[in-house]
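A.B. asks: Sharing protein02.csv, CSV, C-alpha atoms:
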```
chain,number,residue,atom,x,y,z
X,142,MET,CA,89.4,135.8,130.1
X,143,GLY,CA,90.7,137.0,126.8
X,144,GLY,CA,89.5,140.3,125.4
X,145,PRO,CA,88.8,141.3,121.8
X,146,LEU,CA,91.3,140.3,119.2
X,147,GLU,CA,93.8,142.9,118.0
X,148,ARG,CA,94.3,143.7,114.3
X,149,ASP,CA,97.7,141.9,114.2
X,150,GLN,CA,96.1,138.8,115.8
X,151,VAL,CA,93.3,138.8,113.2
X,152,ILE,CA,95.9,139.0,110.4
X,153,LEU,CA,97.8,136.1,112.0
X,154,ILE,CA,94.8,133.9,112.3
X,155,VAL,CA,93.4,134.6,108.9
X,156,THR,CA,96.7,134.1,107.1
X,157,SER,CA,97.4,130.9,108.9
X,158,LEU,CA,93.9,129.6,108.3
X,159,ILE,CA,94.1,130.3,104.6
X,160,ILE,CA,97.6,128.7,104.2
X,161,GLY,CA,96.5,125.7,106.3
X,162,THR,CA,93.4,125.1,104.3
X,163,LEU,CA,95.4,125.4,101.1
X,164,ALA,CA,97.6,122.6,102.4
X,165,ARG,CA,94.5,120.3,102.5
X,166,ILE,CA,93.3,121.4,99.1
X,167,ILE,CA,96.7,120.6,97.6
X,168,THR,CA,96.8,117.1,99.1
X,169,ILE,CA,93.2,116.2,98.2
X,170,LYS,CA,93.8,116.0,94.5
X,171,GLU,CA,91.6,113.4,92.7
X,172,ASP,CA,93.9,111.0,90.9
X,173,PHE,CA,93.4,107.9,88.6
X,174,ARG,CA,91.9,106.0,91.6
X,175,GLN,CA,89.0,108.4,91.7
X,176,TYR,CA,89.0,108.7,95.4
X,177,PRO,CA,87.7,110.7,97.2
X,178,SER,CA,84.8,111.0,94.9
X,179,TYR,CA,83.5,114.4,93.7
X,180,PRO,CA,81.7,116.4,95.1
X,181,ASN,CA,80.6,115.0,98.5
X,182,GLY,CA,84.0,113.3,99.4
X,183,TYR,CA,85.8,116.6,98.5
X,184,LEU,CA,83.5,118.6,100.7
X,185,ILE,CA,83.9,116.4,103.8
X,186,HIS,CA,87.6,116.4,103.6
X,187,LEU,CA,87.9,120.1,102.8
X,188,VAL,CA,85.7,121.1,105.8
X,189,LEU,CA,87.8,118.9,108.1
X,190,GLY,CA,91.0,120.5,106.7
X,191,PHE,CA,89.5,123.9,107.4
X,192,VAL,CA,88.8,122.9,111.0
X,193,ALA,CA,92.3,121.5,111.4
X,194,ALA,CA,93.8,124.7,110.0
X,195,ALA,CA,91.6,126.8,112.3
X,196,LEU,CA,92.9,124.9,115.4
X,197,GLY,CA,96.5,125.5,114.3
X,198,ALA,CA,95.9,129.1,113.6
X,199,VAL,CA,94.3,130.1,116.9
X,200,ALA,CA,96.8,128.2,119.1
X,201,ILE,CA,99.4,130.9,119.2
X,202,PRO,CA,97.0,133.8,119.8
X,203,ALA,CA,95.4,131.7,122.6
X,204,LEU,CA,98.8,131.2,124.3
X,205,MET,CA,99.8,134.9,123.9
X,206,THR,CA,96.6,136.0,125.6
X,207,LYS,CA,97.1,133.3,128.3
X,208,ASN,CA,93.9,131.6,127.2
X,209,PHE,CA,95.3,128.1,128.0
X,210,ILE,CA,91.9,126.5,127.9
X,211,ALA,CA,91.6,127.1,124.2
X,212,VAL,CA,94.8,125.2,123.6
X,213,THR,CA,93.3,122.1,125.1
X,214,PHE,CA,91.1,121.9,122.0
X,215,LEU,CA,94.2,120.5,120.2
X,216,THR,CA,93.8,117.3,122.1
X,217,LEU,CA,90.2,117.1,121.1
X,218,ALA,CA,91.2,117.6,117.5
X,219,ILE,CA,93.5,114.7,117.6
X,220,GLN,CA,90.7,112.5,118.8
X,221,GLN,CA,88.5,113.9,116.1
X,222,PHE,CA,91.0,113.1,113.4
X,223,ARG,CA,91.3,109.5,114.7
X,224,ASP,CA,87.5,109.3,114.3
X,225,VAL,CA,88.0,110.3,110.7
X,226,ARG,CA,90.2,107.3,110.2
X,227,LYS,CA,87.7,105.1,111.8
X,228,SER,CA,84.7,106.4,109.8
X,229,GLU,CA,86.7,106.2,106.6
X,230,ARG,CA,87.6,102.6,107.3
X,231,GLU,CA,84.0,101.7,108.1
X,232,SER,CA,82.7,103.5,105.0
X,233,LEU,CA,85.1,101.7,102.6
X,234,LYS,CA,84.4,98.3,104.2
X,235,ASP,CA,80.7,98.9,103.7
X,236,LEU,CA,81.4,99.4,100.0
X,237,GLU,CA,83.5,96.3,99.5
X,238,ASN,CA,80.6,94.1,98.2
X,239,THR,CA,79.8,96.7,95.5
X,240,GLU,CA,83.2,96.8,93.8
X,241,PHE,CA,84.5,94.6,91.0
X,242,ALA,CA,87.2,93.3,93.3
X,243,TYR,CA,87.8,93.8,97.0
X,244,ARG,CA,90.2,96.5,98.1
X,245,GLY,CA,91.2,94.3,101.0
X,246,ASP,CA,91.7,95.2,104.7
X,247,ALA,CA,95.4,96.3,104.2
X,248,TYR,CA,94.5,98.8,101.4
X,249,ILE,CA,91.5,100.2,103.4
X,250,ASP,CA,93.8,100.6,106.4
X,251,GLY,CA,96.3,102.5,104.3
X,252,ILE,CA,93.7,104.9,102.8
X,253,SER,CA,92.1,105.7,106.2
X,254,LYS,CA,95.5,106.5,107.7
X,255,THR,CA,96.3,108.7,104.8
X,256,PHE,CA,93.2,110.8,105.3
X,257,GLU,CA,93.8,111.1,109.0
X,258,SER,CA,97.4,112.3,108.5
X,259,ARG,CA,96.5,114.9,105.9
X,260,ASN,CA,94.4,116.7,108.5
X,261,TYR,CA,97.5,117.0,110.5
X,262,PHE,CA,99.1,118.7,107.5
X,263,SER,CA,96.6,121.5,107.8
X,264,LEU,CA,97.1,121.8,111.5
X,265,LEU,CA,100.9,121.8,111.4
X,266,VAL,CA,101.1,124.2,108.4
X,267,ALA,CA,98.8,126.7,110.0
X,268,LEU,CA,100.7,126.4,113.3
X,269,GLY,CA,104.0,126.9,111.6
X,270,CYS,CA,102.7,129.9,109.7
X,271,ALA,CA,101.3,131.5,112.9
X,272,ILE,CA,104.6,130.9,114.8
X,273,THR,CA,106.5,132.6,112.0
X,274,ILE,CA,104.3,135.7,111.9
X,275,GLN,CA,104.5,136.0,115.7
X,276,LEU,CA,108.3,135.7,115.6
X,277,VAL,CA,108.8,138.2,112.7
X,278,ASP,CA,106.4,140.7,114.4
X,279,SER,CA,107.1,143.4,111.8
X,280,LYS,CA,105.4,146.7,111.8
X,281,SER,CA,104.4,145.9,108.2
X,282,SER,CA,101.5,143.6,108.0
X,283,LEU,CA,102.5,142.7,104.4
X,284,ILE,CA,106.0,141.4,105.6
X,285,ASN,CA,104.3,139.3,108.3
X,286,ILE,CA,101.9,137.8,105.8
X,287,ILE,CA,104.6,137.0,103.2
X,288,SER,CA,106.9,135.5,105.9
X,289,GLY,CA,104.2,133.3,107.2
X,290,ALA,CA,103.1,132.2,103.7
X,291,ILE,CA,106.7,131.3,102.7
X,292,VAL,CA,107.2,129.1,105.8
X,293,GLY,CA,103.8,127.6,105.3
X,294,PHE,CA,104.5,126.6,101.7
X,295,ILE,CA,107.9,125.2,102.7
X,296,LEU,CA,106.2,123.1,105.3
X,297,ILE,CA,103.7,121.9,102.7
X,298,TYR,CA,106.5,120.8,100.4
X,299,VAL,CA,108.5,119.1,103.2
X,300,LEU,CA,105.4,117.3,104.6
X,301,LYS,CA,104.3,116.1,101.2
X,302,ARG,CA,107.8,114.7,100.4
X,303,PHE,CA,108.0,113.1,103.8
X,304,SER,CA,104.7,111.3,103.5
X,305,LYS,CA,104.9,110.4,99.8
X,306,GLY,CA,104.9,106.7,99.6
X,307,LYS,CA,106.3,104.5,96.8
X,308,THR,CA,104.5,102.6,94.2
X,309,ILE,CA,104.7,99.1,92.6
X,310,GLY,CA,106.5,100.7,89.6
X,311,ASP,CA,109.3,101.9,91.9
X,312,ILE,CA,110.4,98.4,92.9
X,313,SER,CA,109.4,96.3,89.9
X,314,ASP,CA,108.9,96.2,86.1
X,315,VAL,CA,105.4,95.6,84.8
X,316,LYS,CA,105.0,94.0,81.4
X,317,GLU,CA,102.2,92.6,79.3
X,318,GLY,CA,101.7,88.9,79.8
X,319,LYS,CA,101.0,86.3,77.2
X,320,ILE,CA,97.6,84.5,77.8
X,321,GLU,CA,97.3,80.8,77.1
X,322,VAL,CA,94.3,78.5,77.8
X,323,LYS,CA,95.1,74.8,77.9
X,324,ASN,CA,92.2,72.4,78.6
X,325,HIS,CA,90.2,75.3,80.2
X,326,GLU,CA,93.1,76.2,82.4
X,327,LEU,CA,94.5,79.7,82.3
X,328,PHE,CA,98.3,80.4,82.0
X,329,VAL,CA,100.1,83.7,81.7
X,330,ASP,CA,103.7,83.6,80.6
X,331,GLY,CA,103.8,80.0,81.7
X,332,ILE,CA,102.5,80.7,85.2
X,333,TYR,CA,99.4,78.7,86.2
X,334,VAL,CA,96.6,81.1,87.1
X,335,SER,CA,93.2,79.3,87.3
X,336,ASN,CA,91.1,76.3,86.3
X,337,LEU,CA,87.9,78.2,86.6
X,338,LEU,CA,87.4,78.6,82.8
X,339,GLY,CA,85.1,75.6,82.8
X,340,THR,CA,83.4,76.2,79.5
X,341,GLU,CA,84.4,76.7,75.9
X,342,ASN,CA,82.8,80.1,75.8
X,343,ALA,CA,84.7,81.2,78.9
X,344,SER,CA,88.0,80.0,77.4
X,345,GLN,CA,87.3,81.8,74.1
X,346,LEU,CA,86.3,85.0,76.0
X,347,PHE,CA,89.6,85.1,77.9
X,348,GLN,CA,91.7,84.3,74.8
X,349,GLU,CA,90.0,87.0,72.7
X,350,GLU,CA,89.4,89.8,75.2
X,351,GLY,CA,91.5,88.9,78.3
X,352,ARG,CA,94.4,91.0,79.3
X,353,ALA,CA,97.2,90.3,81.8
X,354,VAL,CA,100.3,91.9,83.2
X,355,VAL,CA,103.3,90.3,84.9
X,356,ILE,CA,105.1,92.1,87.7
X,357,TYR,CA,108.9,91.4,87.9
X,358,PRO,CA,110.6,92.5,91.2
X,359,LYS,CA,113.8,94.5,90.5
X,360,GLN,CA,115.5,92.9,93.5
X,361,GLU,CA,115.1,89.6,95.3
X,362,HIS,CA,114.1,91.2,98.7
X,363,PHE,CA,111.3,93.2,97.0
X,364,ARG,CA,109.4,89.9,96.7
X,365,VAL,CA,108.5,90.2,100.3
X,366,THR,CA,106.3,93.2,99.5
X,367,LEU,CA,105.0,92.2,96.1
X,368,GLU,CA,104.0,88.7,97.1
X,369,ASN,CA,102.1,90.0,100.1
X,370,PHE,CA,98.4,89.1,99.6
X,371,GLY,CA,97.2,92.6,100.6
X,372,GLN,CA,99.6,94.2,98.1
X,373,ARG,CA,98.5,91.9,95.3
X,374,GLN,CA,94.8,92.5,96.1
X,375,ALA,CA,95.4,96.3,96.0
X,376,ALA,CA,96.9,96.0,92.5
X,377,LEU,CA,94.0,93.8,91.3
X,378,PHE,CA,91.5,96.3,92.8
X,379,GLU,CA,93.1,99.3,91.1
X,380,ALA,CA,93.1,97.4,87.7
X,381,THR,CA,89.4,96.4,88.0
X,382,LYS,CA,88.4,99.8,89.3
X,383,THR,CA,90.0,101.7,86.4
X,384,LEU,CA,89.2,99.4,83.5
X,385,GLY,CA,86.2,97.6,84.8
X,386,VAL,CA,85.5,93.9,84.6
X,387,LYS,CA,83.4,92.1,82.0
X,388,ARG,CA,84.1,88.8,83.6
X,389,TYR,CA,86.8,87.1,85.6
X,390,HIS,CA,89.7,88.6,87.5
X,391,PHE,CA,92.7,86.8,89.0
X,392,THR,CA,96.0,87.5,90.8
X,393,ARG,CA,98.6,84.8,91.2
X,394,ARG,CA,102.3,84.6,92.1
X,395,ASP,CA,105.2,82.4,90.9
X,396,PHE,CA,106.8,80.7,93.9
X,397,ASN,CA,110.1,80.2,92.1
X,398,ASP,CA,111.0,83.7,90.9
X,399,GLY,CA,108.5,86.0,92.5
X,400,ARG,CA,106.6,87.1,89.4
X,401,VAL,CA,103.1,88.3,90.1
X,402,VAL,CA,100.2,88.0,87.6
X,403,ILE,CA,97.2,90.3,87.3
X,404,ALA,CA,94.7,88.9,84.7
X,405,LEU,CA,91.2,89.9,83.9
X,406,VAL,CA,88.6,90.4,81.1
X,407,PRO,CA,88.2,94.2,81.2
X,408,ILE,CA,85.4,96.4,80.0
X,409,ILE,CA,87.9,98.9,78.6
X,410,ASN,CA,90.4,96.9,76.6
X,411,ASP,CA,93.5,99.0,77.2
X,412,ILE,CA,96.7,97.1,77.9
X,413,ASP,CA,98.8,100.3,78.3
X,414,GLY,CA,96.3,101.6,80.8
X,415,LEU,CA,96.4,98.3,82.7
X,416,ILE,CA,100.2,98.4,82.9
X,417,GLU,CA,100.2,102.1,84.0
X,418,VAL,CA,97.5,101.6,86.8
X,419,VAL,CA,99.4,98.6,88.2
X,420,LYS,CA,102.6,100.6,88.2
X,421,LYS,CA,100.9,103.4,90.1
X,422,THR,CA,99.4,101.2,92.8
X,423,PRO,CA,100.8,102.4,96.1
X,424,LEU,CA,102.9,100.1,98.3
X,425,LEU,CA,101.0,99.4,101.5
X,426,GLU,CA,102.6,100.3,104.8
X,427,SER,CA,101.2,97.2,106.3
X,428,SER,CA,103.0,94.9,103.9
X,429,LYS,CA,106.5,93.8,105.1
X,430,LYS,CA,109.2,95.8,103.4
X,431,SER,CA,112.9,96.1,103.4
X,432,PRO,CA,114.5,99.3,104.7
X,433,ALA,CA,115.3,100.4,101.1
X,434,VAL,CA,111.5,100.4,100.3
X,435,MET,CA,110.5,102.3,103.4
X,436,LYS,CA,112.8,105.3,102.8
X,437,SER,CA,110.7,108.5,102.4
X,438,ASN,CA,111.3,111.0,99.6
X,439,MET,CA,112.3,113.7,102.0
X,440,VAL,CA,113.1,117.2,100.7
X,441,GLY,CA,113.6,116.0,97.1
X,442,ARG,CA,115.7,113.0,98.1
X,443,GLU,CA,114.7,109.9,96.1
```
Using the file provided, produce a representation of the structure as C-alpha cells.

C.D. replies:
Amino acid sequence: MGGPLERDQVILIVTSLIIGTLARIITIKEDFRQYPSYPNGYLIHLVLGFVAAALGAVAIPALMTKNFIAVTFLTLAIQQFRDVRKSERESLKDLENTEFAYRGDAYIDGISKTFESRNYFSLLVALGCAITIQLVDSKSSLINIISGAIVGFILIYVLKRFSKGKTIGDISDVKEGKIEVKNHELFVDGIYVSNLLGTENASQLFQEEGRAVVIYPKQEHFRVTLENFGQRQAALFEATKTLGVKRYHFTRRDFNDGRVVIALVPIINDIDGLIEVVKKTPLLESSKKSPAVMKSNMVGRE
C-alpha cells in the first residue's frame, strides 16, 4: 500500500494536472460552427479533460510507489473516452430532426471521434509533463515545474498540428454561383439543381433572395472527396447552420467536371459569409481521399 504523498510528488501531480487541463481548454475553442454550445457543452468536455489529465498526472507517482493497481485505471479511462464518443454520436443524432439540414452520419462520426481524441490530448500531455518532472528531478521545485510546463506545451503544439485536419478551402476554390430559374427549374452556373420550385412565388423568392456557391476542385483526384455525399451534406449543414434557412436548400454535383453546388434561401443574406463557411467546412475522415489530402500538418509542415 502506498503511503502519504511527498511534497515533490504533489508538485508533480498538480503541475501535470494543470498543464493537461489547459490542453483541453485550448482545444475546446468555440468556432464558427458554434459547437460545443456554451455553457453546458463546455462544462461537460472540460470536466472530462480534467479527469483525463488527472489520470495522466498520477500514473508516474503510482508507478514510483509501486502502486500498480492505480495504473490499471488508465485502461478504464480508455473505455470511458470511447463512451464519450458513443454518447456524443447519440446526442447529435437525436438533434438531426431539429436542424435546418442534416449533419449526416459521416459528419457526426467525425465530430464524435474528435471529442474522444481530445481527451487523450489531456492524458498524454499530463503524462509527458509528469515524466519530464520525474526525469529532471532537480532540487529546485521551480526548475521542475518549468521543465514540465515546457514539455507539456510542446506536446500540445505537436498534438494539435498532428490532429489538425484540412478543410474544403484547402483542396478547392469556392466562388459565388449565378442563379437562374427556367420553367420553375433551378440552375446555378448552368448546373441543374432542382425542379422543386413549383410555384411562381417560389421561383421569385429564389431569384430575389437565393444565394449559391460553386466548389471547384483544384485537382482531378480531389473530386473523390468533394463529391462524396457525406462531404457535400456537411458543407450544406454548415451553410444552413451559420446563415439559417428561410426556405429551400440544395446540394448538387456536376458529373462532368466535378463542380459542387450549395444553394439556399438564407435568413442572413451574406454571400461572403456563405463562401467563407463552405471553405472552412472540415474534410471528413470517412470520405475517400488521396494520400495528398490525408497528410497531417505535423510540426508546422503544411

A.B. asks: Using all atoms listed in the file, which of X:Gly190, X:Gly414, X:Gly293, X:Gly245 sits nearest X:Phe370?

C.D. replies: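 Ranking X:Gly190, X:Gly414, X:Gly293, X:Gly245 by distance to X:Phe370, first place goes to X:Gly245.
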
A.B. asks: Just checking: using only C-alpha atoms, which residue out of X:Thr273, X:Thr308, X:Ser344, X:Asn410 ends up closest to X:His325?

C.D. replies: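 Among X:Thr273, X:Thr308, X:Ser344, X:Asn410, it is X:Ser344 that comes nearest to X:His325.
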
A.B. asks: Report as a Markdown table: every residue of stretch 168-260 of chain X with an atom at most 9 Å from stretch 371-376 of chain X, its closest pair of atoms, and their distance in Å to one decimal, counting all atoms listed in the file, with rows sorted by chain and ascending residue number.

C.D. replies:
```
| residue | atom | partner | partner_atom | distance |
| --- | --- | --- | --- | --- |
| X:Ala242 | CA | X:Gln374 | CA | 8.1 |
| X:Tyr243 | CA | X:Gln374 | CA | 7.2 |
| X:Arg244 | CA | X:Ala375 | CA | 5.6 |
| X:Gly245 | CA | X:Gly371 | CA | 6.2 |
| X:Asp246 | CA | X:Gly371 | CA | 7.3 |
| X:Ala247 | CA | X:Gly371 | CA | 5.5 |
| X:Tyr248 | CA | X:Ala375 | CA | 6.0 |
```

A.B. asks: I'd like the interatomic distance between atom CA of X:Asn238 and atom CA of X:Phe256, to a tenth of an Å.

C.D. replies: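 We find that atom CA of X:Asn238 and atom CA of X:Phe256 lie 22.1 Å from each other.
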
A.B. asks: Which residues are near stretch 230-236 of chain X? Cut-off 10 Å, only C-alpha atoms, ignore same chain within fewer than 3 positions. Put them as a list in words.

C.D. replies: Asp224, Val225, Arg226, Lys227, Thr239, Glu240, Tyr243, Arg244, Gly245, Asp246, Tyr248, Ile249, Asp250, Gly251, Ile252, Ser253 and Lys254 of chain X

A.B. asks: To one decimal place, how far is atom CA of X:Lys319 from atom CA of X:Val355 in Å?

C.D. replies: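 Computed distance, atom CA of X:Lys319 to atom CA of X:Val355, equals 9.0 Å.
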
A.B. asks: Let me make sure I understand: among X:Phe363, X:Tyr389, X:Phe328, X:Tyr333, which one has the smallest atom-to-atom distance to X:Ile312 if we use all atoms listed in the file?

C.D. replies: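 Nearest to X:Ile312: X:Phe363.
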
A.B. asks: Take the point (92.5, 89.5, 81.3) in the file's coordinates, draw a sphere of radius 12 Å around it, and report as a CSV table (one decimal) with C-alpha atoms, in the coordinates of the input every protein, DNA or RNA residue with an atom inside or on it, counting only C-alpha atoms.

C.D. replies:
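Output file result_39.csv is given in full below:
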```
chain,number,residue,atom,x,y,z
X,317,GLU,CA,102.2,92.6,79.3
X,318,GLY,CA,101.7,88.9,79.8
X,319,LYS,CA,101.0,86.3,77.2
X,320,ILE,CA,97.6,84.5,77.8
X,321,GLU,CA,97.3,80.8,77.1
X,322,VAL,CA,94.3,78.5,77.8
X,327,LEU,CA,94.5,79.7,82.3
X,328,PHE,CA,98.3,80.4,82.0
X,329,VAL,CA,100.1,83.7,81.7
X,334,VAL,CA,96.6,81.1,87.1
X,335,SER,CA,93.2,79.3,87.3
X,343,ALA,CA,84.7,81.2,78.9
X,344,SER,CA,88.0,80.0,77.4
X,345,GLN,CA,87.3,81.8,74.1
X,346,LEU,CA,86.3,85.0,76.0
X,347,PHE,CA,89.6,85.1,77.9
X,348,GLN,CA,91.7,84.3,74.8
X,349,GLU,CA,90.0,87.0,72.7
X,350,GLU,CA,89.4,89.8,75.2
X,351,GLY,CA,91.5,88.9,78.3
X,352,ARG,CA,94.4,91.0,79.3
X,353,ALA,CA,97.2,90.3,81.8
X,354,VAL,CA,100.3,91.9,83.2
X,355,VAL,CA,103.3,90.3,84.9
X,377,LEU,CA,94.0,93.8,91.3
X,380,ALA,CA,93.1,97.4,87.7
X,381,THR,CA,89.4,96.4,88.0
X,384,LEU,CA,89.2,99.4,83.5
X,385,GLY,CA,86.2,97.6,84.8
X,386,VAL,CA,85.5,93.9,84.6
X,387,LYS,CA,83.4,92.1,82.0
X,388,ARG,CA,84.1,88.8,83.6
X,389,TYR,CA,86.8,87.1,85.6
X,390,HIS,CA,89.7,88.6,87.5
X,391,PHE,CA,92.7,86.8,89.0
X,392,THR,CA,96.0,87.5,90.8
X,402,VAL,CA,100.2,88.0,87.6
X,403,ILE,CA,97.2,90.3,87.3
X,404,ALA,CA,94.7,88.9,84.7
X,405,LEU,CA,91.2,89.9,83.9
X,406,VAL,CA,88.6,90.4,81.1
X,407,PRO,CA,88.2,94.2,81.2
X,408,ILE,CA,85.4,96.4,80.0
X,409,ILE,CA,87.9,98.9,78.6
X,410,ASN,CA,90.4,96.9,76.6
X,411,ASP,CA,93.5,99.0,77.2
X,412,ILE,CA,96.7,97.1,77.9
X,415,LEU,CA,96.4,98.3,82.7
X,416,ILE,CA,100.2,98.4,82.9
```
